[in-house]
$ cat start.cif   # mmCIF, C-alpha atoms
data_final
#
loop_
_atom_site.label_atom_id
_atom_site.label_comp_id
_atom_site.auth_asym_id
_atom_site.auth_seq_id
_atom_site.Cartn_x
_atom_site.Cartn_y
_atom_site.Cartn_z
CA MET N 174 -73.74 -43.10 -17.55
CA ARG N 175 -75.52 -39.85 -16.64
CA GLN N 176 -74.44 -36.55 -18.20
CA ALA N 177 -75.91 -33.11 -17.52
CA VAL N 178 -76.77 -31.09 -20.63
CA VAL N 179 -78.15 -27.55 -20.79
CA THR N 180 -80.47 -27.98 -23.74
CA SER N 181 -82.11 -24.53 -23.90
CA PRO N 182 -82.27 -21.41 -21.73
CA GLY N 183 -83.29 -22.40 -18.22
CA VAL N 184 -83.41 -26.14 -18.97
CA VAL N 185 -80.82 -28.67 -17.77
CA GLU N 186 -81.37 -32.38 -18.30
CA LEU N 187 -79.69 -35.58 -17.23
CA GLN N 188 -79.07 -37.59 -20.38
CA HIS N 189 -77.67 -41.06 -20.89
CA ALA N 190 -74.27 -41.19 -22.57
CA ASP N 191 -71.70 -43.87 -23.28
CA THR N 192 -69.21 -44.46 -20.48
CA PRO N 193 -65.90 -43.14 -21.84
CA THR N 194 -62.71 -45.10 -22.37
CA PRO N 195 -59.34 -43.35 -22.53
CA ALA N 196 -57.79 -42.67 -25.93
CA ASP N 197 -54.05 -42.24 -26.33
CA GLY N 198 -52.89 -39.43 -24.05
CA GLU N 199 -56.12 -39.40 -22.08
CA VAL N 200 -57.36 -40.47 -18.68
CA VAL N 201 -60.90 -41.20 -17.59
CA VAL N 202 -61.84 -39.38 -14.39
CA ARG N 203 -64.63 -40.31 -12.02
CA THR N 204 -66.28 -37.08 -10.98
CA ARG N 205 -66.56 -36.47 -7.24
CA LEU N 206 -67.51 -32.80 -6.84
CA VAL N 207 -68.33 -30.07 -9.35
CA GLY N 208 -68.92 -26.42 -8.59
CA ILE N 209 -71.49 -24.39 -10.52
CA CYS N 210 -69.71 -21.28 -11.72
CA GLY N 211 -71.13 -17.85 -12.45
CA SER N 212 -70.36 -18.55 -16.10
CA ASP N 213 -72.52 -21.68 -15.86
CA VAL N 214 -75.39 -19.57 -14.54
CA HIS N 215 -75.02 -17.13 -17.44
CA ALA N 216 -74.85 -19.95 -19.99
CA PHE N 217 -77.78 -21.78 -18.35
CA HIS N 218 -79.94 -18.72 -18.97
CA GLY N 219 -78.58 -18.21 -22.49
CA ARG N 220 -76.72 -15.04 -21.50
CA HIS N 221 -73.07 -16.07 -21.82
CA PRO N 222 -71.49 -14.23 -24.77
CA PHE N 223 -69.27 -17.16 -25.77
CA VAL N 224 -71.12 -20.33 -24.75
CA PRO N 225 -73.76 -21.45 -27.25
CA LEU N 226 -76.51 -23.88 -26.30
CA PRO N 227 -76.77 -26.78 -25.94
CA TYR N 228 -73.66 -27.31 -23.82
CA ARG N 229 -72.34 -29.82 -21.29
CA PRO N 230 -71.47 -27.96 -18.10
CA GLY N 231 -68.89 -28.67 -15.44
CA HIS N 232 -65.40 -27.16 -15.30
CA GLU N 233 -64.83 -26.66 -11.55
CA ILE N 234 -64.01 -30.33 -11.03
CA TYR N 235 -62.50 -32.57 -8.40
CA GLY N 236 -62.32 -36.29 -9.15
CA THR N 237 -60.23 -39.45 -9.13
CA VAL N 238 -58.55 -41.19 -12.04
CA GLU N 239 -60.63 -44.19 -13.06
CA SER N 240 -58.55 -45.56 -15.93
CA SER N 241 -55.69 -44.63 -18.25
CA ARG N 242 -53.56 -46.07 -21.02
CA ASP N 243 -50.28 -47.91 -20.53
CA GLY N 244 -47.47 -45.56 -19.56
CA SER N 245 -49.69 -42.98 -17.89
CA ARG N 246 -48.17 -41.00 -15.03
CA LEU N 247 -51.54 -41.07 -13.24
CA ALA N 248 -52.48 -44.33 -11.57
CA PRO N 249 -56.13 -45.25 -10.94
CA GLY N 250 -57.30 -43.64 -7.72
CA THR N 251 -55.12 -40.54 -8.08
CA ARG N 252 -56.97 -37.49 -6.78
CA VAL N 253 -56.99 -34.71 -9.37
CA VAL N 254 -58.45 -31.35 -10.25
CA ILE N 255 -58.95 -30.36 -13.86
CA GLU N 256 -57.38 -27.50 -15.76
CA PRO N 257 -60.15 -27.04 -18.36
CA ILE N 258 -58.26 -24.95 -20.92
CA LEU N 259 -57.83 -27.01 -24.10
CA ALA N 260 -55.23 -25.09 -26.08
CA CYS N 261 -53.59 -25.73 -29.44
CA GLY N 262 -50.01 -25.63 -28.13
CA THR N 263 -48.67 -24.04 -31.33
CA CYS N 264 -50.05 -20.50 -31.70
CA LYS N 265 -48.18 -17.36 -30.68
CA TYR N 266 -49.81 -17.27 -27.25
CA CYS N 267 -49.21 -20.93 -26.48
CA ARG N 268 -45.58 -20.68 -27.56
CA ASP N 269 -45.23 -17.67 -25.27
CA GLY N 270 -46.70 -19.55 -22.30
CA ARG N 271 -49.93 -17.54 -22.28
CA TYR N 272 -52.08 -20.43 -23.42
CA ASN N 273 -55.09 -18.98 -21.59
CA LEU N 274 -55.22 -16.66 -24.63
CA CYS N 275 -54.83 -19.48 -27.19
CA ALA N 276 -56.06 -18.44 -30.63
CA THR N 277 -58.18 -21.61 -31.05
CA MET N 278 -58.88 -22.51 -27.43
CA THR N 279 -61.85 -24.52 -26.31
CA PHE N 280 -62.83 -24.89 -22.68
CA PHE N 281 -63.89 -28.15 -21.10
CA GLY N 282 -67.33 -27.75 -19.58
CA CYS N 283 -68.12 -24.62 -21.61
CA THR N 284 -67.27 -24.67 -25.31
CA ALA N 285 -65.70 -28.12 -25.69
CA PRO N 286 -67.88 -31.16 -26.43
CA GLY N 287 -67.46 -32.62 -22.94
CA GLY N 288 -68.16 -31.46 -19.41
CA GLY N 289 -67.56 -32.60 -15.86
CA LEU N 290 -71.18 -32.73 -14.68
CA ALA N 291 -71.26 -36.43 -15.45
CA GLU N 292 -70.37 -39.62 -13.66
CA TRP N 293 -67.17 -40.01 -15.70
CA PHE N 294 -65.38 -38.08 -18.43
CA ALA N 295 -62.26 -38.43 -20.58
CA ILE N 296 -59.71 -35.61 -20.66
CA PRO N 297 -56.14 -35.18 -21.93
CA GLU N 298 -53.85 -36.44 -19.20
CA ASP N 299 -51.93 -33.17 -18.99
CA ARG N 300 -55.14 -31.39 -17.97
CA ALA N 301 -55.48 -33.54 -14.83
CA VAL N 302 -53.52 -31.98 -11.95
CA PRO N 303 -52.68 -34.22 -8.97
CA ILE N 304 -53.42 -32.72 -5.56
CA PRO N 305 -51.82 -33.36 -2.17
CA ASP N 306 -53.42 -35.70 0.32
CA GLU N 307 -53.90 -32.90 2.84
CA LEU N 308 -56.32 -31.11 0.54
CA SER N 309 -59.87 -32.09 1.52
CA ASP N 310 -62.48 -32.83 -1.12
CA ASP N 311 -64.27 -29.54 -0.44
CA LEU N 312 -61.01 -27.59 -0.76
CA ALA N 313 -60.16 -29.45 -3.95
CA VAL N 314 -63.32 -28.26 -5.71
CA LEU N 315 -62.28 -24.67 -4.91
CA VAL N 316 -58.92 -24.92 -6.72
CA GLU N 317 -60.29 -23.85 -10.10
CA PRO N 318 -62.34 -20.86 -8.86
CA LEU N 319 -59.46 -19.63 -6.67
CA SER N 320 -57.07 -19.83 -9.62
CA THR N 321 -59.02 -17.10 -11.38
CA PRO N 322 -58.51 -14.50 -8.60
CA VAL N 323 -54.88 -15.56 -8.23
CA HIS N 324 -54.39 -14.74 -11.91
CA ALA N 325 -56.23 -11.42 -11.62
CA VAL N 326 -54.09 -10.34 -8.67
CA ARG N 327 -50.94 -11.06 -10.67
CA LEU N 328 -52.20 -8.93 -13.55
CA ALA N 329 -53.29 -6.17 -11.17
CA ALA N 330 -49.77 -6.03 -9.81
CA GLY N 331 -48.50 -5.42 -13.34
CA ASN N 332 -47.00 -8.90 -13.66
CA SER N 333 -48.12 -10.03 -17.09
CA THR N 334 -44.84 -11.76 -17.84
CA ALA N 335 -45.40 -14.99 -15.92
CA ARG N 336 -45.12 -17.85 -18.38
CA SER N 337 -46.29 -21.43 -18.16
CA SER N 338 -45.46 -24.32 -20.46
CA ALA N 339 -48.11 -26.61 -18.98
CA VAL N 340 -49.88 -27.15 -22.28
CA GLY N 341 -48.94 -30.18 -24.29
CA SER N 342 -49.51 -31.60 -27.72
CA SER N 343 -51.90 -34.19 -26.30
CA THR N 344 -54.19 -31.30 -25.39
CA ALA N 345 -53.64 -29.45 -28.60
CA GLY N 346 -54.25 -32.02 -31.25
CA ASN N 347 -57.91 -32.86 -30.65
CA ASN N 348 -59.54 -29.48 -30.14
CA ALA N 349 -61.82 -27.57 -32.43
CA ALA N 350 -61.29 -23.86 -32.84
CA GLY N 351 -63.07 -21.64 -30.35
CA ASN N 352 -63.17 -18.07 -29.19
CA ASN N 353 -60.23 -17.44 -26.91
CA ALA N 354 -62.52 -15.84 -24.33
CA ALA N 355 -65.16 -18.53 -24.46
CA GLY N 356 -63.86 -20.45 -21.51
CA SER N 357 -63.48 -17.62 -19.06
CA SER N 358 -64.54 -19.17 -15.80
CA ALA N 359 -64.76 -15.90 -13.96
CA THR N 360 -68.22 -14.66 -14.69
CA ALA N 361 -70.35 -12.12 -12.93
CA ASP N 362 -71.91 -13.86 -9.97
CA SER N 363 -75.55 -13.20 -9.24
CA ALA N 364 -74.37 -10.27 -7.19
CA ARG N 365 -70.69 -9.66 -7.92
CA ASP N 366 -67.57 -11.64 -8.86
CA SER N 367 -63.83 -11.48 -9.43
CA SER N 368 -60.57 -13.27 -10.12
CA GLY N 369 -56.95 -13.67 -8.98
CA THR N 370 -53.49 -14.92 -9.80
CA GLY N 371 -50.23 -16.48 -8.81
CA ASN N 372 -47.22 -18.56 -9.58
CA SER N 373 -46.06 -21.72 -7.91
CA GLY N 374 -44.46 -21.01 -4.56
CA ASP N 375 -45.12 -18.08 -2.24
CA ARG N 376 -46.55 -15.13 -4.14
CA GLY N 377 -47.33 -13.07 -1.05
CA GLY N 378 -46.46 -9.37 -1.25
CA GLU N 379 -47.45 -8.60 -4.85
CA LEU N 380 -49.95 -6.01 -3.62
CA ALA N 381 -47.98 -4.93 -0.56
CA GLY N 382 -49.22 -1.57 0.70
CA GLN N 383 -51.88 -1.25 -2.01
CA THR N 384 -55.49 -0.21 -1.42
CA VAL N 385 -58.08 -2.43 -3.11
CA ALA N 386 -61.78 -2.24 -3.92
CA ILE N 387 -63.70 -5.36 -4.96
CA LEU N 388 -67.07 -4.93 -6.64
CA GLY N 389 -69.04 -8.10 -6.01
CA ALA N 390 -68.99 -10.60 -3.15
CA GLY N 391 -69.97 -13.77 -4.95
CA THR N 392 -67.61 -16.71 -5.12
CA ILE N 393 -64.97 -14.97 -7.20
CA GLY N 394 -65.28 -11.69 -5.34
CA LEU N 395 -64.77 -13.39 -1.99
CA LEU N 396 -61.87 -15.45 -3.31
CA THR N 397 -60.37 -12.26 -4.75
CA LEU N 398 -60.60 -10.77 -1.27
CA ILE N 399 -58.63 -13.74 0.05
CA ALA N 400 -56.11 -13.63 -2.80
CA ALA N 401 -55.58 -9.88 -2.47
CA ARG N 402 -55.06 -10.17 1.27
CA HIS N 403 -52.61 -13.03 0.71
CA ALA N 404 -50.76 -10.77 -1.74
CA GLY N 405 -50.31 -8.11 0.94
CA ALA N 406 -53.05 -5.56 0.20
CA ALA N 407 -53.09 -2.93 2.93
CA ARG N 408 -56.81 -2.17 2.98
CA ILE N 409 -59.71 -3.77 1.11
CA ALA N 410 -63.24 -2.43 0.56
CA VAL N 411 -65.93 -4.74 -0.84
CA SER N 412 -69.33 -3.88 -2.30
CA ASP N 413 -72.34 -6.03 -3.09
CA LEU N 414 -76.08 -5.68 -3.50
CA SER N 415 -76.77 -8.46 -0.96
CA PRO N 416 -76.55 -7.69 2.78
CA ALA N 417 -75.78 -11.36 3.48
CA LYS N 418 -72.86 -11.34 1.06
CA ARG N 419 -71.55 -8.07 2.51
CA ASP N 420 -71.65 -9.66 5.96
CA ARG N 421 -69.77 -12.68 4.65
CA ALA N 422 -67.12 -10.43 3.11
CA ALA N 423 -66.66 -8.68 6.44
CA ARG N 424 -66.24 -12.04 8.19
CA LEU N 425 -63.63 -13.02 5.63
CA GLY N 426 -61.53 -9.96 6.31
CA ALA N 427 -62.82 -6.99 4.31
CA ASP N 428 -61.89 -3.77 6.07
CA SER N 429 -65.17 -2.17 4.99
CA VAL N 430 -68.27 -3.30 3.12
CA HIS N 431 -70.65 -1.18 1.06
CA ASP N 432 -74.04 -1.44 -0.60
CA GLY N 433 -73.48 -1.55 -4.35
CA ALA N 434 -76.81 0.21 -4.93
CA ASP N 435 -76.05 3.15 -2.62
CA PRO N 436 -75.60 6.35 -4.68
CA GLY N 437 -72.88 7.39 -2.22
CA MET N 438 -70.91 4.14 -2.50
CA VAL N 439 -68.09 5.55 -4.64
CA ASP N 440 -67.41 8.40 -2.24
CA ALA N 441 -67.69 6.09 0.78
CA ILE N 442 -65.10 3.68 -0.63
CA ARG N 443 -62.75 6.51 -1.63
CA ASP N 444 -63.06 7.99 1.86
CA ASP N 445 -62.42 4.60 3.43
CA LEU N 446 -59.34 3.93 1.31
CA GLY N 447 -57.99 7.47 1.53
CA THR N 448 -58.86 8.93 -1.91
CA SER N 449 -58.62 6.64 -4.95
CA ALA N 450 -58.12 2.88 -4.84
CA ASP N 451 -54.85 1.62 -6.24
CA ILE N 452 -56.68 -1.39 -7.70
CA VAL N 453 -60.37 -2.10 -8.36
CA PHE N 454 -61.53 -5.62 -9.24
CA ASP N 455 -64.83 -5.51 -11.11
CA CYS N 456 -66.44 -8.92 -10.72
CA VAL N 457 -69.83 -7.81 -11.99
CA SER N 458 -68.96 -6.19 -15.32
CA VAL N 459 -72.19 -4.36 -16.03
CA GLN N 460 -72.51 -0.69 -16.91
CA SER N 461 -73.09 0.46 -13.35
CA SER N 462 -70.15 -1.48 -11.89
CA VAL N 463 -67.78 -0.29 -14.64
CA ASP N 464 -68.81 3.30 -13.92
CA GLN N 465 -68.20 2.75 -10.21
CA ALA N 466 -64.87 1.00 -10.77
CA ILE N 467 -63.42 3.81 -12.88
CA ALA N 468 -64.69 6.47 -10.48
CA ILE N 469 -63.07 4.66 -7.55
CA ALA N 470 -59.77 4.29 -9.47
CA VAL N 471 -59.49 7.97 -10.45
CA LYS N 472 -56.64 9.10 -10.44
CA GLY N 473 -53.90 6.72 -11.49
CA GLY N 474 -55.57 3.46 -10.40
CA THR N 475 -56.02 0.13 -12.14
CA VAL N 476 -59.38 -1.47 -12.95
CA VAL N 477 -59.23 -5.25 -13.46
CA VAL N 478 -62.26 -6.62 -15.32
CA VAL N 479 -62.87 -10.11 -13.96
CA GLY N 480 -66.57 -10.80 -14.45
CA VAL N 481 -67.70 -11.85 -17.93
CA PRO N 482 -69.85 -9.06 -19.39
CA ALA N 483 -73.17 -10.13 -20.86
CA ALA N 484 -73.12 -7.12 -23.18
CA PRO N 485 -70.86 -4.21 -24.18
CA VAL N 486 -70.56 -1.21 -21.90
CA THR N 487 -69.34 2.34 -22.45
CA VAL N 488 -66.39 3.86 -20.62
CA PRO N 489 -65.47 7.51 -19.91
CA LEU N 490 -62.45 7.55 -22.22
CA PRO N 491 -61.47 11.20 -21.53
CA GLU N 492 -61.12 10.41 -17.80
CA ILE N 493 -59.26 7.18 -18.50
CA GLN N 494 -56.75 9.08 -20.63
CA ASP N 495 -56.39 12.31 -18.72
CA LEU N 496 -56.50 10.82 -15.22
CA GLN N 497 -54.28 7.89 -16.21
CA VAL N 498 -56.57 5.00 -15.31
CA ARG N 499 -55.42 1.57 -16.45
CA VAL N 500 -58.10 -0.94 -17.52
CA GLN N 501 -56.93 -4.57 -17.50
CA GLY N 502 -58.87 -7.63 -18.61
CA SER N 503 -58.29 -10.92 -16.80
CA ALA N 504 -58.99 -14.26 -18.49
CA THR N 505 -58.91 -17.51 -16.51
CA TYR N 506 -55.41 -18.65 -15.44
CA THR N 507 -52.39 -20.77 -16.29
CA ARG N 508 -50.82 -23.73 -14.49
CA ASP N 509 -48.74 -21.41 -12.30
CA ASP N 510 -51.95 -19.91 -10.94
CA ILE N 511 -53.46 -23.33 -10.30
CA GLU N 512 -50.37 -24.45 -8.41
CA GLN N 513 -50.48 -21.27 -6.35
CA ALA N 514 -54.15 -21.86 -5.56
CA ILE N 515 -53.39 -25.42 -4.43
CA SER N 516 -50.59 -24.10 -2.22
CA MET N 517 -52.82 -21.45 -0.67
CA LEU N 518 -55.65 -23.88 0.01
CA ALA N 519 -53.27 -26.43 1.53
CA ALA N 520 -51.97 -23.67 3.79
CA GLY N 521 -55.49 -23.03 5.11
CA VAL N 522 -56.27 -19.59 3.69
CA VAL N 523 -59.85 -20.66 2.95
CA ASP N 524 -62.41 -22.45 5.08
CA PRO N 525 -64.62 -24.22 2.51
CA ALA N 526 -67.63 -23.74 4.77
CA ASP N 527 -67.33 -20.00 4.11
CA ILE N 528 -67.67 -20.52 0.34
CA ILE N 529 -69.71 -23.70 -0.24
CA THR N 530 -73.26 -22.91 0.85
CA ALA N 531 -75.30 -25.65 -0.84
CA ARG N 532 -74.78 -29.11 -2.32
CA TYR N 533 -76.96 -31.37 -4.43
CA PRO N 534 -76.60 -34.87 -5.89
CA LEU N 535 -76.26 -35.21 -9.65
CA ALA N 536 -79.83 -36.54 -9.80
CA LYS N 537 -81.03 -33.10 -8.68
CA VAL N 538 -78.84 -31.05 -11.02
CA ASP N 539 -81.89 -28.98 -12.04
CA GLU N 540 -82.35 -27.93 -8.42
CA ALA N 541 -78.65 -27.13 -8.17
CA PHE N 542 -78.85 -24.74 -11.13
CA ALA N 543 -81.97 -23.13 -9.68
CA ALA N 544 -80.18 -22.59 -6.38
CA ALA N 545 -77.09 -21.17 -8.12
CA SER N 546 -79.34 -18.81 -10.09
CA SER N 547 -81.21 -17.57 -7.02
CA GLY N 548 -78.54 -15.18 -5.80
CA GLU N 549 -78.91 -16.60 -2.30
CA HIS N 550 -75.81 -18.80 -2.37
CA VAL N 551 -72.09 -18.28 -2.74
CA LYS N 552 -71.01 -21.63 -4.19
CA VAL N 553 -73.33 -24.49 -5.09
CA VAL N 554 -71.63 -27.85 -5.62
CA VAL N 555 -72.90 -31.07 -7.14
CA THR N 556 -71.90 -34.43 -5.71
CA ALA N 557 -71.61 -36.30 -8.97
CA ASP N 558 -70.88 -39.79 -7.61
CA GLN N 559 -74.20 -40.12 -5.78
#
$ encode --input "start.cif" --output "C-alpha cells"
Amino acid sequence: MRQAVVTSPGVVELQHADTPTPADGEVVVRTRLVGICGSDVHAFHGRHPFVPLPYRPGHEIYGTVESSRDGSRLAPGTRVVIEPILACGTCKYCRDGRYNLCATMTFFGCTAPGGGLAEWFAIPEDRAVPIPDELSDDLAVLVEPLSTPVHAVRLAAGNSTARSSAVGSSTAGNNAAGNNAAGSSATADSARDSSGTGNSGDRGGELAGQTVAILGAGTIGLLTLIAARHAGAARIAVSDLSPAKRDRAARLGADSVHDGADPGMVDAIRDDLGTSADIVFDCVSVQSSVDQAIAIAVKGGTVVVVGVPAAPVTVPLPEIQDLQVRVQGSATYTRDDIEQAISMLAAGVVDPADIITARYPLAKVDEAFAAASSGEHVKVVVTADQ
C-alpha cells in the first residue's frame, strides 16, 4: 500500500508499506479523507516542538472499517473517525479521565509510528469512533479539528472537571512513551488558529453573555468562532493577517474583524467589546499574539493558548498578577469533546464548504502539503482512497 512519510523538512514522500492486518484489539481502517492540520504544516517544515522527523502524518481522519478480529463491535463498512490519542490508561491523568494529558502519550499521525495518510492503517478499536449516517464525509473529516475548539471553550468557561473514561487497555498496552504535548492537534495555522471543547449532549450556554476575542482565522480559529457562538458568547471579535480569512470570519458570524498587523488592533477590539474581553483564544501563539491577547484580556480576562508555539515567548508577569489575568493552556480533547463535535456537526452548525477549501488525491500529497503551507487555504484535505 501507499503511505505518506515526511522524511526531512519540506519533503513528503509516498512510500510502499505492508498492508496491515488487525492484531488483537485492533481494527484496520480504509482511509477516505484526511485533513492536513496546522501541526502537520509545522512538523512538515521541521518546526513542531514535539514531532521529530521522519514522521507519518495524518490524524484528522475519516474512514471505514476494513477488517477486525472476531468479537469486534465494529463490523466491516462501519463509518468511523479516529481519536488519535494513544494513552497508557494507568497514569494519574488517565485514571482521572484527563487522558489527553497522559504521562506517556503518543499521538497517531504525529509521534506514534503510524499515520492516517495511507490507504489503510491499523488502530486500537477503542480509538475508532462510529459516526451517524447523517454526517456527510466532508463533515466527518471536520470532527477532529472541531473537537479541539470544543475542548478550549470548556476550559475557557472554567470547566476543567469534565472527565472521560474513553481510554482502554487495548490503547494503553502497545504505546511507547512520548511527550504529553506531542500530539496537540491545535497548532498555529499559517495565519491564526484555535481550539474548543464540549461534553456529549447540548453544551450550549457555557459562555453565555461573555465577550470573546479570537486571534487567528485559520481552521481552528474559525471553528473556535463557531464553538464559542454555540456556547452562547455575546460578542466575538476575530483578528487575522489575511484579508480573505477576515472576510470568511465575518461571513461565519464574527461581530467584528481586525487586521492582526494593525498597531491599533488591541484598542479597536477592546472598544468593540466594551473594554476588556472576557476570554481571548490565541490560535497563533507567537510573541506578538501573546502580547495582544494579554493586552485585550486586561483586566480580569482569560487567555486560552490554543496554537502550538514553535518557540518560548515572554509574558508581562506583573500585569498578569496585578490585573488578575488568567492564562490557560488547551491540549487536544477527550471523548466527550469528540461526541460534542459530532453532535454539533450533525445539527448543521458548520457548512463544510466554508472550511474545506482544497482537496488533493493521495498521489499528490506533496502538492497538498504545499497548498496547506501557502497560507491561502483554510483546510486542505486529501482523498486517500483515490
$ residues_around --input "start.cif" --residues "Ala190 of chain N" --least-positions-apart "6" --cutoff "8 Å" --atoms "only C-alpha atoms" --output "count of residues only"
3
$ atom_distance --input "start.cif" --atom1 "atom CA of Arg242 of chain N" --atom2 "atom CA of Val302 of chain N"
16.8 Å
$ closest_residue --input "start.cif" --among "N:Glu540, N:Asp310, N:Asp495, N:Asp527" --to "Thr204 of chain N" --atoms "all atoms listed in the file"
N:Asp310
$ resolve_selection --input "start.cif" --expression "the PyMOL selection byres ((chain N and resi 288-297) around 7)" --output "PyMOL selection string"
chain N and resi 174-177+192-195+198-204+207+229-232+234+281-282+287+298-300+343-344+557-558
$ atom_distance --input "start.cif" --atom1 "atom CA of Val476 of chain N" --atom2 "atom CA of His550 of chain N"
26.1 Å
$ resolve_selection --input "start.cif" --expression "the PyMOL selection byres ((chain N and resi 531-533) around 6)" --output "list in words"
Ile529, Thr530, Pro534, Ala541, Val553, Val554 and Val555 of chain N
$ closest_residue --input "start.cif" --among "N:Asp440, N:Asp432, N:Asp197, N:Asp311" --to "Ser241 of chain N" --atoms "only C-alpha atoms"
N:Asp197
$ residues_around --input "start.cif" --residues "Cys275 of chain N" --least-positions-apart "2" --cutoff "6 Å" --atoms "all atoms listed in the file" --output "number ranges by chain"
N: 260, 266-267, 272-273, 277-278, 353
$ closest_residue --input "start.cif" --among "N:Ile258, N:Ile399, N:Val314, N:Val471" --to "Val498 of chain N" --atoms "all atoms listed in the file"
N:Val471
$ atom_distance --input "start.cif" --atom1 "atom CA of Lys265 of chain N" --atom2 "atom CA of Ile511 of chain N"
21.9 Å
$ resolve_selection --input "start.cif" --expression "the PyMOL selection byres ((chain N and resi 238) around 6)" --output "list in words"
Val202, Thr237, Glu239, Ser240, Pro249, Gly250 and Thr251 of chain N
$ build_atoms --input "start.cif" --residues "segment 259-274 of chain N" --atoms "N, CA, C and O atoms" --output "mmCIF file, in the coordinates of the input"
data_model
loop_
_atom_site.group_PDB
_atom_site.id
_atom_site.type_symbol
_atom_site.label_atom_id
_atom_site.label_comp_id
_atom_site.auth_asym_id
_atom_site.auth_seq_id
_atom_site.Cartn_x
_atom_site.Cartn_y
_atom_site.Cartn_z
ATOM 1 N N LEU N 259 -58.290 -26.093 -23.057
ATOM 2 C CA LEU N 259 -57.830 -27.010 -24.100
ATOM 3 C C LEU N 259 -57.239 -26.157 -25.208
ATOM 4 O O LEU N 259 -57.949 -25.607 -26.049
ATOM 5 N N ALA N 260 -55.929 -26.019 -25.194
ATOM 6 C CA ALA N 260 -55.230 -25.090 -26.080
ATOM 7 C C ALA N 260 -54.525 -25.837 -27.202
ATOM 8 O O ALA N 260 -54.263 -27.034 -27.112
ATOM 9 N N CYS N 261 -54.182 -25.092 -28.261
ATOM 10 C CA CYS N 261 -53.590 -25.730 -29.440
ATOM 11 C C CYS N 261 -52.132 -26.104 -29.225
ATOM 12 O O CYS N 261 -51.626 -27.045 -29.830
ATOM 13 N N GLY N 262 -51.415 -25.344 -28.390
ATOM 14 C CA GLY N 262 -50.010 -25.630 -28.130
ATOM 15 C C GLY N 262 -49.056 -25.084 -29.170
ATOM 16 O O GLY N 262 -47.829 -25.196 -28.995
ATOM 17 N N THR N 263 -49.553 -24.476 -30.246
ATOM 18 C CA THR N 263 -48.670 -24.040 -31.330
ATOM 19 C C THR N 263 -48.798 -22.575 -31.705
ATOM 20 O O THR N 263 -47.926 -22.047 -32.405
ATOM 21 N N CYS N 264 -49.861 -21.906 -31.301
ATOM 22 C CA CYS N 264 -50.050 -20.500 -31.700
ATOM 23 C C CYS N 264 -49.072 -19.604 -30.944
ATOM 24 O O CYS N 264 -48.364 -20.034 -30.030
ATOM 25 N N LYS N 265 -49.065 -18.347 -31.308
ATOM 26 C CA LYS N 265 -48.180 -17.360 -30.680
ATOM 27 C C LYS N 265 -48.329 -17.348 -29.158
ATOM 28 O O LYS N 265 -47.337 -17.318 -28.418
ATOM 29 N N TYR N 266 -49.564 -17.388 -28.686
ATOM 30 C CA TYR N 266 -49.810 -17.270 -27.250
ATOM 31 C C TYR N 266 -49.385 -18.534 -26.515
ATOM 32 O O TYR N 266 -48.814 -18.462 -25.420
ATOM 33 N N CYS N 267 -49.652 -19.682 -27.106
ATOM 34 C CA CYS N 267 -49.210 -20.930 -26.480
ATOM 35 C C CYS N 267 -47.691 -21.017 -26.440
ATOM 36 O O CYS N 267 -47.103 -21.422 -25.431
ATOM 37 N N ARG N 268 -47.040 -20.635 -27.531
ATOM 38 C CA ARG N 268 -45.580 -20.680 -27.560
ATOM 39 C C ARG N 268 -44.983 -19.734 -26.528
ATOM 40 O O ARG N 268 -43.895 -19.976 -26.003
ATOM 41 N N ASP N 269 -45.704 -18.665 -26.224
ATOM 42 C CA ASP N 269 -45.230 -17.670 -25.270
ATOM 43 C C ASP N 269 -45.606 -18.012 -23.834
ATOM 44 O O ASP N 269 -45.312 -17.254 -22.919
ATOM 45 N N GLY N 270 -46.303 -19.147 -23.635
ATOM 46 C CA GLY N 270 -46.700 -19.550 -22.300
ATOM 47 C C GLY N 270 -48.008 -18.968 -21.825
ATOM 48 O O GLY N 270 -48.446 -19.253 -20.721
ATOM 49 N N ARG N 271 -48.650 -18.150 -22.659
ATOM 50 C CA ARG N 271 -49.930 -17.540 -22.280
ATOM 51 C C ARG N 271 -51.063 -18.303 -22.955
ATOM 52 O O ARG N 271 -51.900 -17.726 -23.662
ATOM 53 N N TYR N 272 -51.116 -19.593 -22.705
ATOM 54 C CA TYR N 272 -52.080 -20.430 -23.420
ATOM 55 C C TYR N 272 -53.511 -20.168 -23.003
ATOM 56 O O TYR N 272 -54.444 -20.631 -23.653
ATOM 57 N N ASN N 273 -53.721 -19.401 -21.926
ATOM 58 C CA ASN N 273 -55.090 -18.980 -21.590
ATOM 59 C C ASN N 273 -55.640 -18.013 -22.635
ATOM 60 O O ASN N 273 -56.847 -17.724 -22.630
ATOM 61 N N LEU N 274 -54.794 -17.527 -23.528
ATOM 62 C CA LEU N 274 -55.220 -16.660 -24.630
ATOM 63 C C LEU N 274 -55.128 -17.370 -25.972
ATOM 64 O O LEU N 274 -55.181 -16.721 -27.021
#
